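**Q** Handing you this structure, nothing more for now.
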Amino acid sequence: MASQWFKNAIVYCIDVDTFKDGNGDGIGDFIGLRQGLSYLAGLGVSCIWLLPFYPSPDRDNGYDITDYIGIHPALGDLGDFAAFMDEAANRGIGVIIDLVVNQ
């Protein structure tokens with residue numbers, strides 16, 4: 001029988017650039033999100049749903065993605081993202097990434 005973890009999950013949807021600034025530039029980023037994981041875990045969050053964080057000209061609130069394998073420079077780099085993912089996994093928090101399909 002397939003796992004149905006989602007039936008009991010507490011999902012928290014996050015727009016990375018508005019969550020927490022970790023490097024002091026006034027924009028939320030993956031450093032701040034990693035720092036905020038203990039707060040989210042304290043709320044009982046078991047899954048984080050990330051809104052688009054890819055490079056984008058931002059004409060459509062980040063949904064006009066130009067690079068599906070990159071990180072928007074204002075939010076950090078792939079190392080920051082990987083550190084966030086590792087920390088989330090260590091805390092037992094799953095991560096869902098918003099699927100954006102463009103033509």
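Going by the structure tokens order, chains are called A, B, ..., each with residues numbered from 1, while ligands are numbered from 1 in the order shown.
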Write down as an NGL selection string the residues belonging to range 3-102 of chain A that are assigned strand (DSSP E or B) by DSSP computed on the backbone.

**A** :A and (11-14 or 47-50 or 94-97)

**Q** Residues at most 9 Å from range 53-65 of chain A, counting only C-alpha atoms, excluding those fewer than 2 positions away in the same chain, as JSON, numbers by chain?

**A** {"A": [15, 16, 17, 50, 51, 67, 68, 69, 70, 71, 72, 73, 75, 97, 100, 101, 102]}

**Q** Could you save the residues just selected, with N, CA and C atoms, as a tab-separated table (two decimals), in the first residue's frame?

**A**
chain	number	residue	atom	x	y	z
A	15	ASP	N	6.69	31.69	0.73
A	15	ASP	CA	7.33	32.48	-0.32
A	15	ASP	C	8.67	32.90	0.28
A	16	VAL	N	9.75	32.30	-0.19
A	16	VAL	CA	11.06	32.44	0.45
A	16	VAL	C	11.44	33.90	0.66
A	17	ASP	N	11.18	34.75	-0.31
A	17	ASP	CA	11.65	36.14	-0.20
A	17	ASP	C	10.89	36.97	0.83
A	50	LEU	N	7.17	25.18	-0.99
A	50	LEU	CA	7.88	26.36	-1.47
A	50	LEU	C	7.25	26.90	-2.75
A	51	LEU	N	6.94	28.19	-2.74
A	51	LEU	CA	6.52	28.86	-3.96
A	51	LEU	C	7.76	29.05	-4.85
A	67	ASP	N	14.96	29.78	-15.62
A	67	ASP	CA	15.95	28.72	-15.39
A	67	ASP	C	15.41	27.78	-14.32
A	68	TYR	N	15.01	26.60	-14.72
A	68	TYR	CA	14.37	25.65	-13.79
A	68	TYR	C	15.35	24.92	-12.88
A	69	ILE	N	16.64	25.11	-13.07
A	69	ILE	CA	17.59	24.40	-12.21
A	69	ILE	C	18.43	25.37	-11.37
A	70	GLY	N	18.09	26.65	-11.42
A	70	GLY	CA	18.84	27.64	-10.66
A	70	GLY	C	18.04	28.17	-9.48
A	71	ILE	N	18.71	29.00	-8.70
A	71	ILE	CA	18.10	29.68	-7.56
A	71	ILE	C	18.15	31.18	-7.86
A	72	HIS	N	17.07	31.89	-7.62
A	72	HIS	CA	17.09	33.34	-7.84
A	72	HIS	C	18.22	33.91	-6.98
A	73	PRO	N	19.11	34.71	-7.57
A	73	PRO	CA	20.28	35.21	-6.83
A	73	PRO	C	19.95	35.95	-5.54
A	75	LEU	N	17.85	35.11	-3.41
A	75	LEU	CA	17.46	34.14	-2.39
A	75	LEU	C	18.61	33.25	-1.95
A	97	ILE	N	8.02	21.41	-3.79
A	97	ILE	CA	8.34	22.57	-4.63
A	97	ILE	C	7.21	22.77	-5.62
A	100	VAL	N	5.75	24.56	-11.82
A	100	VAL	CA	5.35	25.62	-12.74
A	100	VAL	C	5.61	25.10	-14.16
A	101	VAL	N	4.56	25.01	-14.93
A	101	VAL	CA	4.68	24.52	-16.29
A	101	VAL	C	4.48	25.70	-17.23
A	102	ASN	N	5.51	26.04	-17.99
A	102	ASN	CA	5.43	27.12	-18.97
A	102	ASN	C	5.55	26.54	-20.36

**Q** Could you state the separation of CA of Gln35 in chain A and CA of Gly22 in chain A in Å, given to one decimal place?

**A**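 Spanning CA of Gln35 in chain A to CA of Gly22 in chain A is a straight-line distance of 7.4 Å.
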
**Q** Give me the residues near Asn8 in chain A as a ChimeraX atom specification, where near means some atom within 12 Å (using only C-alpha atoms) and where sequence neighbours in that chain fewer than 5 positions away do not count.

**A** /A:3,44-47

**Q** Please, could you write that set of residues out with N, CA and C atoms as a compact mmCIF listing (two decimals), in the first residue's frame?

**A**
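And here's out-v5.txt as it stands now:
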# COMPACT_ATOMS: atom_id res chain seq x y z
N SER A 3 2.29 4.98 0.64
CA SER A 3 2.27 5.89 1.78
C SER A 3 1.28 7.03 1.52
N GLY A 44 4.71 22.54 14.66
CA GLY A 44 4.21 21.23 14.27
C GLY A 44 4.21 21.00 12.77
N VAL A 45 4.86 21.89 12.02
CA VAL A 45 4.91 21.76 10.56
C VAL A 45 5.65 20.48 10.19
N SER A 46 5.06 19.68 9.31
CA SER A 46 5.72 18.46 8.86
C SER A 46 6.08 18.51 7.38
N CYS A 47 5.62 19.56 6.69
CA CYS A 47 5.92 19.71 5.26
C CYS A 47 5.89 21.19 4.89

**Q** Give the answer as one residue: which of A:Leu40, A:Thr66, A:Gly76, A:Asn23 has the shortest atom-to-atom distance to Gly94 in chain A, using only C-alpha atoms?

**A**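 Of A:Leu40, A:Thr66, A:Gly76, A:Asn23, the one nearest Gly94 in chain A is A:Leu40, counting only C-alpha atoms.
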
**Q** If we count only C-alpha atoms and set the cut-off at 12 Å, which residues sit around Ala89 in chain A, ignoring sequence neighbours fewer than 4 positions away in its own chain? Please answer as JSON, numbers by chain.

**A** {"A": [34, 37, 41, 46, 47, 48, 82, 83, 84, 85, 93, 94, 95]}

**Q** From the set A:Ser38, A:Ile96, A:Phe30, A:Val11, which residue has the shortest atom-to-atom contact distance to Leu78 in chain A, counting only C-alpha atoms?

**A**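 Nearest to Leu78 in chain A: A:Phe30.
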
**Q** Any idea what's packed within 7 Å of Lys20 in chain A, counting only C-alpha atoms, ignoring anything in its chain fewer than 3 positions away? Could you give it as a list of chain:residue names?

**A**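 The residues that qualify are A:Gly28, A:Asp29, A:Gly32, A:Leu33.
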
**Q** Run DSSP on the backbone and give me the residues of chain A it puts in helix (DSSP H, G or I), as an mmCIF file with N, CA and C atoms, in the first residue's frame.

**A**
data_model
loop_
_atom_site.group_PDB
_atom_site.id
_atom_site.type_symbol
_atom_site.label_atom_id
_atom_site.label_comp_id
_atom_site.auth_asym_id
_atom_site.auth_seq_id
_atom_site.Cartn_x
_atom_site.Cartn_y
_atom_site.Cartn_z
ATOM 1 N N TRP A 5 1.174 9.912 3.552
ATOM 2 C CA TRP A 5 1.663 10.851 4.554
ATOM 3 C C TRP A 5 0.895 12.173 4.535
ATOM 4 N N PHE A 6 0.416 12.551 3.367
ATOM 5 C CA PHE A 6 -0.238 13.848 3.186
ATOM 6 C C PHE A 6 -1.556 13.959 3.937
ATOM 7 N N LYS A 7 -2.147 12.829 4.310
ATOM 8 C CA LYS A 7 -3.431 12.879 5.007
ATOM 9 C C LYS A 7 -3.304 13.481 6.405
ATOM 10 N N VAL A 16 9.749 32.297 -0.190
ATOM 11 C CA VAL A 16 11.058 32.435 0.452
ATOM 12 C C VAL A 16 11.438 33.898 0.662
ATOM 13 N N ASP A 17 11.180 34.755 -0.312
ATOM 14 C CA ASP A 17 11.649 36.137 -0.198
ATOM 15 C C ASP A 17 10.892 36.971 0.833
ATOM 16 N N THR A 18 9.820 36.434 1.399
ATOM 17 C CA THR A 18 9.088 37.166 2.440
ATOM 18 C C THR A 18 9.135 36.475 3.794
ATOM 19 N N PHE A 19 9.832 35.355 3.905
ATOM 20 C CA PHE A 19 9.822 34.618 5.170
ATOM 21 C C PHE A 19 10.804 35.192 6.187
ATOM 22 N N PHE A 30 17.244 31.622 1.555
ATOM 23 C CA PHE A 30 17.336 30.253 2.067
ATOM 24 C C PHE A 30 18.135 30.168 3.358
ATOM 25 N N ILE A 31 19.028 31.118 3.583
ATOM 26 C CA ILE A 31 19.740 31.150 4.868
ATOM 27 C C ILE A 31 18.732 31.411 5.984
ATOM 28 N N GLY A 32 17.878 32.423 5.792
ATOM 29 C CA GLY A 32 16.857 32.738 6.787
ATOM 30 C C GLY A 32 15.842 31.629 6.952
ATOM 31 N N LEU A 33 15.486 30.988 5.852
ATOM 32 C CA LEU A 33 14.532 29.879 5.936
ATOM 33 C C LEU A 33 15.119 28.725 6.736
ATOM 34 N N ARG A 34 16.394 28.442 6.513
ATOM 35 C CA ARG A 34 17.060 27.383 7.298
ATOM 36 C C ARG A 34 17.082 27.760 8.780
ATOM 37 N N GLN A 35 17.352 29.030 9.074
ATOM 38 C CA GLN A 35 17.360 29.497 10.462
ATOM 39 C C GLN A 35 15.976 29.411 11.088
ATOM 40 N N LEU A 37 13.712 27.080 10.595
ATOM 41 C CA LEU A 37 13.158 25.726 10.660
ATOM 42 C C LEU A 37 12.791 25.299 12.080
ATOM 43 N N SER A 38 13.545 25.739 13.083
ATOM 44 C CA SER A 38 13.183 25.359 14.455
ATOM 45 C C SER A 38 11.841 25.973 14.849
ATOM 46 N N TYR A 39 11.588 27.211 14.402
ATOM 47 C CA TYR A 39 10.293 27.848 14.643
ATOM 48 C C TYR A 39 9.168 27.052 13.986
ATOM 49 N N LEU A 40 9.367 26.680 12.718
ATOM 50 C CA LEU A 40 8.338 25.923 11.996
ATOM 51 C C LEU A 40 8.111 24.561 12.628
ATOM 52 N N ALA A 41 9.197 23.901 13.032
ATOM 53 C CA ALA A 41 9.060 22.597 13.697
ATOM 54 C C ALA A 41 8.283 22.752 15.001
ATOM 55 N N GLY A 42 8.506 23.853 15.708
ATOM 56 C CA GLY A 42 7.775 24.116 16.946
ATOM 57 C C GLY A 42 6.283 24.309 16.726
ATOM 58 N N PRO A 73 19.112 34.710 -7.566
ATOM 59 C CA PRO A 73 20.278 35.208 -6.830
ATOM 60 C C PRO A 73 19.948 35.949 -5.542
ATOM 61 N N ALA A 74 18.815 36.622 -5.467
ATOM 62 C CA ALA A 74 18.438 37.339 -4.245
ATOM 63 C C ALA A 74 18.133 36.380 -3.095
ATOM 64 N N LEU A 75 17.849 35.114 -3.412
ATOM 65 C CA LEU A 75 17.461 34.137 -2.392
ATOM 66 C C LEU A 75 18.611 33.246 -1.948
ATOM 67 N N LEU A 78 22.772 27.518 -4.863
ATOM 68 C CA LEU A 78 22.452 26.091 -4.712
ATOM 69 C C LEU A 78 22.975 25.527 -3.391
ATOM 70 N N GLY A 79 24.090 26.048 -2.913
ATOM 71 C CA GLY A 79 24.620 25.609 -1.615
ATOM 72 C C GLY A 79 23.680 25.959 -0.475
ATOM 73 N N ASP A 80 23.120 27.169 -0.504
ATOM 74 C CA ASP A 80 22.159 27.587 0.525
ATOM 75 C C ASP A 80 20.905 26.719 0.472
ATOM 76 N N PHE A 81 20.445 26.422 -0.758
ATOM 77 C CA PHE A 81 19.273 25.570 -0.922
ATOM 78 C C PHE A 81 19.543 24.162 -0.394
ATOM 79 N N ALA A 82 20.726 23.618 -0.729
ATOM 80 C CA ALA A 82 21.078 22.268 -0.268
ATOM 81 C C ALA A 82 21.179 22.219 1.256
ATOM 82 N N ALA A 83 21.753 23.257 1.865
ATOM 83 C CA ALA A 83 21.849 23.299 3.329
ATOM 84 C C ALA A 83 20.459 23.344 3.960
ATOM 85 N N PHE A 84 19.544 24.125 3.356
ATOM 86 C CA PHE A 84 18.161 24.164 3.836
ATOM 87 C C PHE A 84 17.509 22.786 3.733
ATOM 88 N N MET A 85 17.668 22.133 2.576
ATOM 89 C CA MET A 85 17.071 20.811 2.383
ATOM 90 C C MET A 85 17.619 19.796 3.385
ATOM 91 N N ASP A 86 18.928 19.821 3.625
ATOM 92 C CA ASP A 86 19.544 18.906 4.596
ATOM 93 C C ASP A 86 18.982 19.134 5.991
ATOM 94 N N GLU A 87 18.885 20.397 6.388
ATOM 95 C CA GLU A 87 18.369 20.714 7.723
ATOM 96 C C GLU A 87 16.894 20.325 7.858
ATOM 97 N N ALA A 88 16.116 20.557 6.812
ATOM 98 C CA ALA A 88 14.706 20.153 6.847
ATOM 99 C C ALA A 88 14.604 18.635 6.998
ATOM 100 N N ALA A 89 15.409 17.899 6.245
ATOM 101 C CA ALA A 89 15.394 16.433 6.344
ATOM 102 C C ALA A 89 15.804 15.981 7.742
ATOM 103 N N ASN A 90 16.810 16.619 8.324
ATOM 104 C CA ASN A 90 17.250 16.265 9.679
ATOM 105 C C ASN A 90 16.145 16.470 10.708
#
